[in-house]
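In what follows, a structure is listed as structure tokens, so that the remarks can point back to it.
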Amino acid sequence: MKGTTRILIVLGIVVVLALLGFQWYVGLHNRMVALDEGVKTAWAQVENQLQRRFDLIPNLVETVKGYASHESQVLIEVTQARASVGGARSPAEKIEANNQLTGALARLLVVVEQYPDLKANANFIALQDELSGTENRIAVERRRYNEAAQEYNTTIRKIPYSFFAGGFERAPLFEAAADARQAPKVKF
């Protein structure tokens, strides 16, 4: 009886340890899944605001066209950048395309500075206000996305998570384009 009792105790301890180990693994995995979903949710919010800007741009371009028809190169750049945003699929492609669009919009607003009548146009003012508000929303959502991505990326690289993070890939960060470090120049 003593030998059987010892075996049952050892077997019970092994089963309890196995259950605790499994529960620990499930907890780690669920945390990584929750962080991954947090990154995806934050990215969806960025995309909502990018879509808002994407939808505003044609109206802004058409308004500017009426006043600055000979500034066709800038308008073409904005239109092409917007098209590249529409064709981007992955978050990394969307980040790059939106950085190009941000640069093109900055150049467009420099052109606008050269047309006082356009700056006084009520339609343009309303569109510019909408775009400005949208840019602020984009900045907030980019920050939130980057915070979620940073927490997720840090977690999947930490021990013990890194041992179990085989199917979890790093989330790209939304960084400013290289040319964003230089302010556009306004010439009169």
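Residue numbering restarts at 1 for every chain of the structure tokens, chains are lettered A, B, ... in their displayed order, and ligands are numbered from 1 as they appear.
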
Checklist entry - Which residues in segment 5-177 of chain A does DSSP call helix (DSSP H, G or I)? List them as a ChimeraX atom specification. => result /A:5-67,72-87,91-112,116-120,122-157,161-164

Next on the checklist: Could you list, as number ranges by chain, every residue within 6 Å of segment 93-103 of chain A, counting only C-alpha atoms and ignoring same-chain residues fewer than 4 positions away?
Outcome noted: A: 81, 84-85, 88, 177

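In terms of minimum interatomic distance to Val46 of chain A, A:Arg142 ranks closest within A:Gly167, A:Arg142, A:Arg157, A:Pro172, counting only C-alpha atoms.
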
Give me, as a tab-separated table, the closest atom pair and its distance (Å, one decimal) for every residue of segment 31-115 of chain A within a cut-off of 7 Å of segment 132-139 of chain A, counting only C-alpha atoms, rows sorted by chain and rising number.
residue	atom	partner	partner_atom	distance
A:Val46	CA	A:Ile138	CA	6.2
A:Gln49	CA	A:Ile138	CA	5.5
A:Leu50	CA	A:Ile138	CA	6.6
A:Arg52	CA	A:Thr134	CA	7.0
A:Arg53	CA	A:Thr134	CA	6.2

Next on the checklist: Report as an MDAnalysis selection string all protein, DNA and RNA residues lying within 12 Å of Val61 of chain A, evaluated on only C-alpha atoms, omitting residues in the same chain fewer than 5 positions from it.
Outcome noted: chainID A and resid 54:56 66:69 71:80 82 104:105 108:109 111:112 118 123:124 127:128 131

Checklist entry - Which residues come within 10 Å of Arg31 of chain A, counting only C-alpha atoms, excluding same-chain residues fewer than 6 positions away, as an MDAnalysis selection string? => result chainID A and resid 25 37 152 155:156 161

Any chance you could export the current selection's C-alpha atoms as an mmCIF file, in the first residue's frame?
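So part14.cif came out as:
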data_model
loop_
_atom_site.group_PDB
_atom_site.id
_atom_site.type_symbol
_atom_site.label_atom_id
_atom_site.label_comp_id
_atom_site.auth_asym_id
_atom_site.auth_seq_id
_atom_site.Cartn_x
_atom_site.Cartn_y
_atom_site.Cartn_z
ATOM 1 C CA TYR A 25 1.485 28.768 -21.154
ATOM 2 C CA GLU A 37 -5.506 42.318 -31.243
ATOM 3 C CA TYR A 152 3.284 44.283 -28.342
ATOM 4 C CA THR A 155 6.327 41.772 -25.017
ATOM 5 C CA ILE A 156 6.996 39.253 -27.785
ATOM 6 C CA TYR A 161 7.083 35.320 -24.120
#

Next on the checklist: As an exercise, work out the distance from atom CA of Leu17 of chain A to atom CA of Pro160 of chain A in Å and give it to one decimal place.
Outcome noted: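 So the two atoms, atom CA of Leu17 of chain A and atom CA of Pro160 of chain A, lie 17.6 Å apart.
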